Amino acid sequence: MKKRIAILGSTGSIGTQALDVIQAQAQAFEVEVLTAHSNADLLIAQAMAFQPNVVVITKEELYEQVRAALEAYPIKVYAGMGAVNSVVQMDTVDIVLTAMVGYAGLQPTIKAIEAGKTIALANKETLVVAGQLITQLAREKGVNIYPVDSEHSAIFQCLAGEFHNPIEKIILTASGGPFRGQSREFLQTVTKAQALKHPNWEMGAKITIDSASLMNKGLEVIEAKWLFGLRNDQIEVVVHPQSIVHSLVQFEDGSLKAQMGLPDMKLPIQYALNYPQRLKADFPRFNFLNYPQLTFEQPDLNTFQNLGLAFAAMEKGGNAPCILNAANEIAVAAFLREEIGFLEMSDLISDCLAKVAYIAEPSLDDYVQTDQEARRLAESLMQA
Ligand code: NDP
Ligand code: MG
């Protein structure tokens with residue numbers, strides 16, 4: 001039986017790589033649903049190539065273009081987020097790959113879990129915003145959430161066969177991004193183009209900026225807490241510029257397990273889609289002789305304040321990580337429009353964390369309100 005996949009965000013970096021995996025492993029997977037936001041042309045081309053049952057374009061004004069282009073095909077075309085929220089619940093979907101970017105991933109992930117669908121989770125913002133609520137709901141519904149993020153996939157792979165052995169700690173590796181080793185003075189004037197040049201990974205714009213500011217690692221710390229049920233003091237970050245060791249787990253006897261390989265998201269995508277079986281694949285192989293030195297260093301929390309802000313938001317708990325995420329989304333979007341500087345992103349996030357009302361035990365409604373309030377505040381602080 002082929003696994004029938006719904007890809008939310010099929011036109012993005014993860015989405016397109018997931019389609020490469022599905023194409024290469026057509027005996028194992030088929031595409032049931034594709035969703036995109038603004039890239040109607042690519043969505044149409046993907047639909048023609050993969051013949052899903054349903055496609056959804058969330059930007060509603062593009063509906064007519066997609067519908068007309070796919071008229072001759074037996075493919076249903078819908079528009080809007082409401083449609084995404086219902087198609088993830090279709091009986092014909094086995095796995096939902098959440099590969100859309102940002103807070104937009106939250107609602108459809110909840111809907112998919114409510115319908116008992118296995119989740120392959122790329123959209124880390126979902127767990128940052130509402131990790132407690134999501135993981136509790138998944139437990140209630142008996143739903144498995146398999147990580148796609150490479151660090152979390154690494155930890156998950158290290159845990160295979162070890163699920164009953166307590167974790168002492170995990171170590172998330174970080175490449176350090178394009179500005180590793182630079183000073184705050186240098187960061188003051190860096191441009192969008194410089195920030196978009198990641199040394200090791202080709203990714204969407206938002207996560208690439210997050211990687212440059214180390215917010216990505218901060219979001220991943222919070223993501224790991226919820227995925228693996230860890231206390232805050234069990235999560236460490238080490239900078240590893242070569243991105244070969246994807247992360248590590250230390251067990252209670254002191255044994256440290258790492259997962260390694262060349263940086264290539266196709267492997268963690270495929271692992272999540274076909275867990276627990278590994279599928280034969282021709283991804284490029286790592287050779288130690290090409291990497292005589294694998295190096296490790298402390299993250300520079302003074303220069304890259306976002307990582308400290310994320311740790312602090314996790315310590316505070318409640319809706320603090322939701323505030324952090326919303327303010328960061330606004331800050332990154334403004335940086336990408338070249339309206340604020342690189343360091344101003346941390347200032348904005350820090351201001352929002354201080355000013356948005358704290359809620360210790362938020363409901364889903366509280367998260368929605370918090371997200372809106374933090375976005376409004378961040379926008380107004382930028383106008384000031
Ligand atoms: P991209 O920006 O490349 O793609 C984002 C996808 O989401 C696109 O399909 C886009 O549609 C869609 N989208 C954007 N905004 C909305 C919205 N408001 N509503 C619905 N859909 C929307 O991002 P990535 O693929 O890089 O990242 C996706 C997620 O995976 C992120 O959460 C990221 O943190 C995570 N991730 C990514 C990694 C990577 O290597 N890229 C690694 C680990 C995690 P369209 O293009 O049609 O507008
Ligand atoms: Mg990652």
# chains A, B, ... in the order shown; residues from 1 in each chain; ligands from 1
>>> closest_atom_pairs(of="chain A", to="ligand 1", cutoff="7 Å", atoms="only C-alpha atoms and all ligand atoms", output="CSV")
residue,atom,partner,partner_atom_place_in_ligand_line,distance
A:Leu8,CA,ligand 1,9 (O),6.9
A:Gly9,CA,ligand 1,9 (O),3.1
A:Ser10,CA,ligand 1,9 (O),4.7
A:Thr11,CA,ligand 1,9 (O),3.8
A:Gly12,CA,ligand 1,4 (O),3.1
A:Ser13,CA,ligand 1,25 (O),3.6
A:Ile14,CA,ligand 1,25 (O),3.9
A:Gly15,CA,ligand 1,25 (O),5.9
A:Thr35,CA,ligand 1,9 (O),7.0
A:Ala36,CA,ligand 1,47 (O),4.0
A:His37,CA,ligand 1,47 (O),3.8
A:Ser38,CA,ligand 1,48 (O),3.7
A:Asn39,CA,ligand 1,47 (O),3.6
A:Ala40,CA,ligand 1,47 (O),6.4
A:Thr58,CA,ligand 1,20 (C),5.7
A:Met81,CA,ligand 1,19 (N),7.0
A:Ala99,CA,ligand 1,28 (C),4.4
A:Met100,CA,ligand 1,7 (O),3.3
A:Val101,CA,ligand 1,31 (C),4.0
A:Gly102,CA,ligand 1,32 (O),5.3
A:Ala104,CA,ligand 1,19 (N),5.2
A:Ala122,CA,ligand 1,30 (O),4.2
A:Asn123,CA,ligand 1,32 (O),3.4
A:Lys124,CA,ligand 1,32 (O),5.0
A:Glu125,CA,ligand 1,32 (O),5.8
A:Val148,CA,ligand 1,43 (C),6.5
A:Asp149,CA,ligand 1,43 (C),4.0
A:Ser150,CA,ligand 1,43 (C),6.2
A:Trp201,CA,ligand 1,40 (O),6.5
A:Glu202,CA,ligand 1,40 (O),6.3
A:Met203,CA,ligand 1,41 (N),3.7
A:Gly204,CA,ligand 1,26 (O),3.3
A:Ala205,CA,ligand 1,2 (O),5.7
A:Lys206,CA,ligand 1,2 (O),6.3
A:Ile207,CA,ligand 1,34 (O),5.2
A:Met265,CA,ligand 1,40 (O),5.8
>>> residues_near_ligand(ligand="ligand 2", cutoff="12 Å", atoms="only C-alpha atoms and all ligand atoms", output="number ranges by chain")
A: 14, 121-125, 147-155, 172-177, 200-203, 207-208, 210-211, 214-224, 243, 245-247, 263-265, 268-269
>>> write_last_selection(atoms="N, CA and C atoms", output="CSV table (one decimal), in the first residue's frame")
chain,number,residue,atom,x,y,z
A,14,ILE,N,11.1,22.9,1.2
A,14,ILE,CA,10.8,21.6,1.7
A,14,ILE,C,9.8,20.9,0.8
A,121,LEU,N,6.5,16.7,10.4
A,121,LEU,CA,6.5,18.1,10.8
A,121,LEU,C,7.8,18.9,10.4
A,122,ALA,N,7.6,19.7,9.4
A,122,ALA,CA,8.7,20.7,9.0
A,122,ALA,C,8.5,22.0,9.7
A,123,ASN,N,7.2,22.4,9.8
A,123,ASN,CA,6.8,23.7,10.3
A,123,ASN,C,7.0,23.8,11.8
A,124,LYS,N,8.3,24.2,12.1
A,124,LYS,CA,8.7,24.3,13.5
A,124,LYS,C,7.9,25.3,14.3
A,125,GLU,N,7.4,26.4,13.6
A,125,GLU,CA,6.7,27.5,14.3
A,125,GLU,C,5.5,26.9,15.0
A,147,PRO,N,9.6,14.2,13.1
A,147,PRO,CA,10.3,15.5,12.7
A,147,PRO,C,10.9,15.4,11.3
A,148,VAL,N,10.9,16.5,10.7
A,148,VAL,CA,11.6,16.7,9.4
A,148,VAL,C,12.8,17.6,9.5
A,149,ASP,N,12.7,18.5,10.4
A,149,ASP,CA,13.9,19.4,10.7
A,149,ASP,C,15.1,18.5,10.9
A,150,SER,N,16.2,18.8,10.3
A,150,SER,CA,17.4,17.9,10.3
A,150,SER,C,17.9,17.5,11.6
A,151,GLU,N,17.9,18.5,12.5
A,151,GLU,CA,18.5,18.3,13.9
A,151,GLU,C,17.6,17.3,14.7
A,152,HIS,N,16.3,17.5,14.5
A,152,HIS,CA,15.3,16.7,15.2
A,152,HIS,C,15.2,15.4,14.6
A,153,SER,N,15.4,15.3,13.3
A,153,SER,CA,15.4,14.0,12.7
A,153,SER,C,16.6,13.2,13.2
A,154,ALA,N,17.7,13.9,13.3
A,154,ALA,CA,19.0,13.3,13.8
A,154,ALA,C,18.7,12.7,15.2
A,155,ILE,N,18.1,13.5,16.1
A,155,ILE,CA,17.8,13.0,17.4
A,155,ILE,C,16.9,11.8,17.4
A,172,LEU,N,21.9,20.2,20.2
A,172,LEU,CA,21.6,20.6,18.8
A,172,LEU,C,22.8,21.3,18.2
A,173,THR,N,23.1,20.9,17.0
A,173,THR,CA,24.2,21.5,16.3
A,173,THR,C,23.6,22.7,15.4
A,174,ALA,N,24.4,23.7,15.3
A,174,ALA,CA,24.1,24.9,14.5
A,174,ALA,C,25.2,25.3,13.6
A,175,SER,N,24.9,25.6,12.4
A,175,SER,CA,26.0,25.9,11.5
A,175,SER,C,26.7,27.3,11.9
A,176,GLY,N,25.9,28.1,12.6
A,176,GLY,CA,26.4,29.4,12.9
A,176,GLY,C,26.0,30.5,11.8
A,177,GLY,N,25.6,30.0,10.7
A,177,GLY,CA,25.1,30.9,9.6
A,177,GLY,C,26.2,31.7,9.0
A,200,ASN,N,25.6,26.5,4.1
A,200,ASN,CA,25.5,25.0,3.9
A,200,ASN,C,24.1,24.6,3.3
A,201,TRP,N,23.1,25.4,3.5
A,201,TRP,CA,21.7,24.9,3.2
A,201,TRP,C,21.0,25.9,2.2
A,202,GLU,N,20.3,25.4,1.3
A,202,GLU,CA,19.4,26.2,0.4
A,202,GLU,C,18.0,26.1,1.0
A,203,MET,N,17.4,27.2,1.5
A,203,MET,CA,16.1,27.1,2.2
A,203,MET,C,15.3,28.3,1.8
A,207,ILE,N,13.4,31.2,6.9
A,207,ILE,CA,14.3,30.3,7.7
A,207,ILE,C,15.8,30.7,7.5
A,208,THR,N,16.1,31.2,6.3
A,208,THR,CA,17.5,31.6,6.0
A,208,THR,C,17.9,32.8,6.9
A,210,ASP,N,16.4,33.5,9.7
A,210,ASP,CA,16.4,32.9,11.1
A,210,ASP,C,17.8,32.2,11.3
A,211,SER,N,18.3,31.6,10.3
A,211,SER,CA,19.6,30.9,10.5
A,211,SER,C,20.7,31.9,10.7
A,214,LEU,N,20.5,33.3,14.3
A,214,LEU,CA,20.4,32.2,15.2
A,214,LEU,C,19.0,32.0,15.9
A,215,MET,N,18.0,32.8,15.4
A,215,MET,CA,16.7,32.5,15.9
A,215,MET,C,16.2,31.1,15.5
A,216,ASN,N,16.7,30.7,14.3
A,216,ASN,CA,16.3,29.3,13.9
A,216,ASN,C,16.7,28.3,15.0
A,217,LYS,N,17.9,28.5,15.5
A,217,LYS,CA,18.3,27.5,16.6
A,217,LYS,C,17.5,27.7,17.8
A,218,GLY,N,17.1,28.9,18.1
A,218,GLY,CA,16.2,29.2,19.3
A,218,GLY,C,14.9,28.5,19.1
A,219,LEU,N,14.3,28.6,17.9
A,219,LEU,CA,13.0,28.0,17.6
A,219,LEU,C,13.2,26.4,17.7
A,220,GLU,N,14.4,26.0,17.2
A,220,GLU,CA,14.6,24.5,17.3
A,220,GLU,C,14.7,24.0,18.7
A,221,VAL,N,15.3,24.8,19.6
A,221,VAL,CA,15.4,24.4,21.0
A,221,VAL,C,14.0,24.1,21.5
A,222,ILE,N,13.1,25.1,21.3
A,222,ILE,CA,11.7,25.0,21.8
A,222,ILE,C,11.0,23.8,21.1
A,223,GLU,N,11.3,23.7,19.8
A,223,GLU,CA,10.7,22.5,19.0
A,223,GLU,C,11.1,21.2,19.7
A,224,ALA,N,12.4,21.1,20.0
A,224,ALA,CA,13.0,19.9,20.6
A,224,ALA,C,12.3,19.6,21.9
A,243,SER,N,28.2,21.4,9.4
A,243,SER,CA,26.8,20.8,9.3
A,243,SER,C,26.9,19.3,8.8
A,245,VAL,N,27.6,16.7,11.5
A,245,VAL,CA,26.9,16.1,12.7
A,245,VAL,C,25.6,16.8,12.8
A,246,HIS,N,24.5,16.1,12.6
A,246,HIS,CA,23.2,16.9,12.6
A,246,HIS,C,22.6,17.1,13.9
A,247,SER,N,23.0,16.4,14.9
A,247,SER,CA,22.7,16.6,16.4
A,247,SER,C,23.0,15.3,17.1
A,263,PRO,N,24.8,17.7,4.4
A,263,PRO,CA,23.5,18.4,4.6
A,263,PRO,C,22.6,18.3,3.3
A,264,ASP,N,21.5,17.6,3.5
A,264,ASP,CA,20.5,17.3,2.4
A,264,ASP,C,19.2,17.0,3.0
A,265,MET,N,18.2,17.9,2.9
A,265,MET,CA,16.9,17.8,3.6
A,265,MET,C,16.1,16.6,3.0
A,268,PRO,N,16.1,13.5,5.8
A,268,PRO,CA,15.1,13.6,6.9
A,268,PRO,C,13.6,13.6,6.4
A,269,ILE,N,13.4,14.2,5.2
A,269,ILE,CA,12.0,14.2,4.7
A,269,ILE,C,11.6,12.7,4.4
>>> closest_residue(among="A:Ile170, A:Ala6, A:Val128, A:Val237", to="Glu252 of chain A", atoms="only C-alpha atoms")
A:Ile170
>>> select_by_dssp(residues="segment 95-295 of chain A", states="strand (DSSP E)", output="PyMOL selection string")
chain A and resi 95-98+118-121+145-147+167-174+235-239+245-251+256-260
>>> select_by_dssp(residues="segment 86-323 of chain A", states="helix (DSSP H, G or I)", output="ChimeraX atom specification")
/A:86-87,102-114,124-141,150-159,184-188,192-195,205-213,215-228,232-234,266-274,288-290,305-316,320-323
>>> residues_around(residues="segment 322-326 of chain A", least_positions_apart="2", cutoff="9 Å", atoms="only C-alpha atoms", output="mmCIF file with N, CA and C atoms, in the first residue's frame")
data_model
loop_
_atom_site.group_PDB
_atom_site.id
_atom_site.type_symbol
_atom_site.label_atom_id
_atom_site.label_comp_id
_atom_site.auth_asym_id
_atom_site.auth_seq_id
_atom_site.Cartn_x
_atom_site.Cartn_y
_atom_site.Cartn_z
ATOM 1 N N GLY A 102 5.868 29.429 8.938
ATOM 2 C CA GLY A 102 5.317 30.352 9.921
ATOM 3 C C GLY A 102 4.057 29.878 10.623
ATOM 4 N N TYR A 103 3.452 30.826 11.329
ATOM 5 C CA TYR A 103 2.263 30.611 12.158
ATOM 6 C C TYR A 103 1.114 29.988 11.371
ATOM 7 N N GLU A 125 7.448 26.378 13.594
ATOM 8 C CA GLU A 125 6.730 27.456 14.282
ATOM 9 C C GLU A 125 5.490 26.927 15.018
ATOM 10 N N VAL A 128 6.612 25.854 18.342
ATOM 11 C CA VAL A 128 7.095 26.997 19.123
ATOM 12 C C VAL A 128 5.896 27.744 19.703
ATOM 13 N N VAL A 129 4.892 27.966 18.870
ATOM 14 C CA VAL A 129 3.716 28.733 19.295
ATOM 15 C C VAL A 129 2.912 27.967 20.340
ATOM 16 N N ALA A 130 2.655 26.696 20.083
ATOM 17 C CA ALA A 130 1.674 25.973 20.895
ATOM 18 C C ALA A 130 2.109 24.531 21.145
ATOM 19 N N LEU A 219 14.328 28.623 17.859
ATOM 20 C CA LEU A 219 13.039 27.968 17.571
ATOM 21 C C LEU A 219 13.202 26.449 17.678
ATOM 22 N N LEU A 309 17.106 35.132 23.587
ATOM 23 C CA LEU A 309 15.685 35.492 23.731
ATOM 24 C C LEU A 309 14.803 34.246 23.653
ATOM 25 N N ALA A 310 15.168 33.334 22.766
ATOM 26 C CA ALA A 310 14.369 32.108 22.623
ATOM 27 C C ALA A 310 14.488 31.239 23.874
ATOM 28 N N ALA A 313 12.351 32.872 26.489
ATOM 29 C CA ALA A 313 10.918 32.670 26.242
ATOM 30 C C ALA A 313 10.518 31.251 26.635
ATOM 31 N N GLY A 318 4.274 29.481 28.934
ATOM 32 C CA GLY A 318 2.995 30.115 28.618
ATOM 33 C C GLY A 318 2.954 30.591 27.183
ATOM 34 N N ASN A 319 2.509 31.854 27.014
ATOM 35 C CA ASN A 319 2.427 32.382 25.646
ATOM 36 C C ASN A 319 3.707 33.105 25.214
ATOM 37 N N ALA A 320 4.773 33.053 26.037
ATOM 38 C CA ALA A 320 5.994 33.793 25.671
ATOM 39 C C ALA A 320 6.598 33.314 24.337
ATOM 40 N N ASN A 328 9.070 37.795 15.785
ATOM 41 C CA ASN A 328 10.139 37.420 14.849
ATOM 42 C C ASN A 328 9.635 37.396 13.410
ATOM 43 N N GLU A 329 8.418 36.874 13.196
ATOM 44 C CA GLU A 329 7.891 36.841 11.824
ATOM 45 C C GLU A 329 7.755 38.249 11.255
ATOM 46 N N ILE A 330 7.281 39.175 12.098
ATOM 47 C CA ILE A 330 7.150 40.562 11.643
ATOM 48 C C ILE A 330 8.535 41.170 11.399
ATOM 49 N N ALA A 331 9.467 40.890 12.302
ATOM 50 C CA ALA A 331 10.817 41.449 12.182
ATOM 51 C C ALA A 331 11.513 40.938 10.922
ATOM 52 N N ILE A 349 11.879 42.064 18.959
ATOM 53 C CA ILE A 349 11.376 40.847 19.615
ATOM 54 C C ILE A 349 11.431 41.015 21.127
ATOM 55 N N SER A 350 12.532 41.572 21.599
ATOM 56 C CA SER A 350 12.708 41.779 23.027
ATOM 57 C C SER A 350 11.640 42.736 23.577
ATOM 58 N N CYS A 352 8.643 43.285 22.328
ATOM 59 C CA CYS A 352 7.336 42.606 22.309
ATOM 60 C C CYS A 352 7.222 41.634 23.474
ATOM 61 N N LEU A 353 8.319 40.913 23.773
ATOM 62 C CA LEU A 353 8.272 39.967 24.889
ATOM 63 C C LEU A 353 8.003 40.708 26.196
ATOM 64 N N VAL A 356 3.830 42.490 25.612
ATOM 65 C CA VAL A 356 2.564 41.769 25.386
ATOM 66 C C VAL A 356 2.193 41.026 26.670
ATOM 67 N N TYR A 367 -3.695 31.793 22.245
ATOM 68 C CA TYR A 367 -2.566 31.820 21.297
ATOM 69 C C TYR A 367 -2.905 32.685 20.087
ATOM 70 N N THR A 370 -2.819 36.256 21.224
ATOM 71 C CA THR A 370 -1.435 36.665 21.493
ATOM 72 C C THR A 370 -0.696 36.922 20.198
ATOM 73 N N ASP A 371 -0.878 36.022 19.236
ATOM 74 C CA ASP A 371 -0.201 36.175 17.944
ATOM 75 C C ASP A 371 -0.604 37.501 17.304
ATOM 76 N N GLN A 372 -1.904 37.790 17.318
ATOM 77 C CA GLN A 372 -2.379 39.036 16.698
ATOM 78 C C GLN A 372 -1.848 40.254 17.439
ATOM 79 N N GLU A 373 -1.903 40.186 18.770
ATOM 80 C CA GLU A 373 -1.473 41.335 19.563
ATOM 81 C C GLU A 373 0.027 41.596 19.359
ATOM 82 N N ALA A 374 0.819 40.535 19.358
ATOM 83 C CA ALA A 374 2.272 40.700 19.190
ATOM 84 C C ALA A 374 2.588 41.267 17.813
ATOM 85 N N ARG A 375 1.853 40.815 16.788
ATOM 86 C CA ARG A 375 2.070 41.343 15.432
ATOM 87 C C ARG A 375 1.720 42.837 15.373
ATOM 88 N N ALA A 378 4.376 44.817 17.243
ATOM 89 C CA ALA A 378 5.640 44.873 16.497
ATOM 90 C C ALA A 378 5.530 45.870 15.351
#
>>> closest_residue(among="A:Met382, A:Ala160, A:Leu127, A:Ala334", to="Gln277 of chain A", atoms="only C-alpha atoms")
A:Ala160
>>> atom_distance(atom1="atom CA of Phe283 of chain A", atom2="atom CA of Glu236 of chain A")
28.9 Å
>>> decode(residues="segment 257-278 of chain A", atoms="N, CA and C atoms", output="CSV table (one decimal), in the first residue's frame")
chain,number,residue,atom,x,y,z
A,257,LYS,N,25.2,9.6,21.2
A,257,LYS,CA,25.0,9.1,19.8
A,257,LYS,C,24.8,10.3,18.9
A,258,ALA,N,25.4,10.3,17.8
A,258,ALA,CA,25.2,11.4,16.8
A,258,ALA,C,24.7,10.8,15.5
A,259,GLN,N,24.0,11.6,14.7
A,259,GLN,CA,23.6,11.2,13.4
A,259,GLN,C,24.3,12.1,12.4
A,260,MET,N,24.9,11.6,11.4
A,260,MET,CA,25.8,12.3,10.5
A,260,MET,C,25.4,12.1,9.0
A,261,GLY,N,25.9,13.1,8.2
A,261,GLY,CA,25.7,12.9,6.8
A,261,GLY,C,25.9,14.3,6.2
A,262,LEU,N,26.0,14.3,4.8
A,262,LEU,CA,26.0,15.6,4.2
A,262,LEU,C,24.7,16.4,4.4
A,263,PRO,N,24.8,17.7,4.4
A,263,PRO,CA,23.5,18.4,4.6
A,263,PRO,C,22.6,18.3,3.3
A,264,ASP,N,21.5,17.6,3.5
A,264,ASP,CA,20.5,17.3,2.4
A,264,ASP,C,19.2,17.0,3.0
A,265,MET,N,18.2,17.9,2.9
A,265,MET,CA,16.9,17.8,3.6
A,265,MET,C,16.1,16.6,3.0
A,266,LYS,N,16.5,16.0,1.9
A,266,LYS,CA,15.7,14.9,1.3
A,266,LYS,C,15.8,13.7,2.3
A,267,LEU,N,16.9,13.5,2.9
A,267,LEU,CA,17.0,12.4,3.8
A,267,LEU,C,16.1,12.5,5.0
A,268,PRO,N,16.1,13.5,5.8
A,268,PRO,CA,15.1,13.6,6.9
A,268,PRO,C,13.6,13.6,6.4
A,269,ILE,N,13.4,14.2,5.2
A,269,ILE,CA,12.0,14.2,4.7
A,269,ILE,C,11.6,12.7,4.4
A,270,GLN,N,12.5,12.0,3.7
A,270,GLN,CA,12.1,10.6,3.4
A,270,GLN,C,12.0,9.7,4.7
A,271,TYR,N,12.9,10.0,5.6
A,271,TYR,CA,12.9,9.2,6.9
A,271,TYR,C,11.5,9.4,7.6
A,272,ALA,N,11.1,10.7,7.6
A,272,ALA,CA,9.8,11.0,8.3
A,272,ALA,C,8.6,10.4,7.6
A,273,LEU,N,8.7,10.4,6.2
A,273,LEU,CA,7.5,9.9,5.5
A,273,LEU,C,7.5,8.4,5.5
A,274,ASN,N,8.6,7.7,5.7
A,274,ASN,CA,8.6,6.2,5.7
A,274,ASN,C,9.0,5.5,7.0
A,275,TYR,N,9.0,6.3,8.1
A,275,TYR,CA,9.4,5.7,9.4
A,275,TYR,C,8.6,4.5,9.7
A,276,PRO,N,9.1,3.4,10.2
A,276,PRO,CA,10.5,3.2,10.6
A,276,PRO,C,11.4,2.6,9.6
A,277,GLN,N,10.9,2.3,8.4
A,277,GLN,CA,11.7,1.7,7.4
A,277,GLN,C,12.6,2.8,6.7
A,278,ARG,N,13.8,2.4,6.4
A,278,ARG,CA,14.7,3.3,5.6
A,278,ARG,C,14.5,2.8,4.1
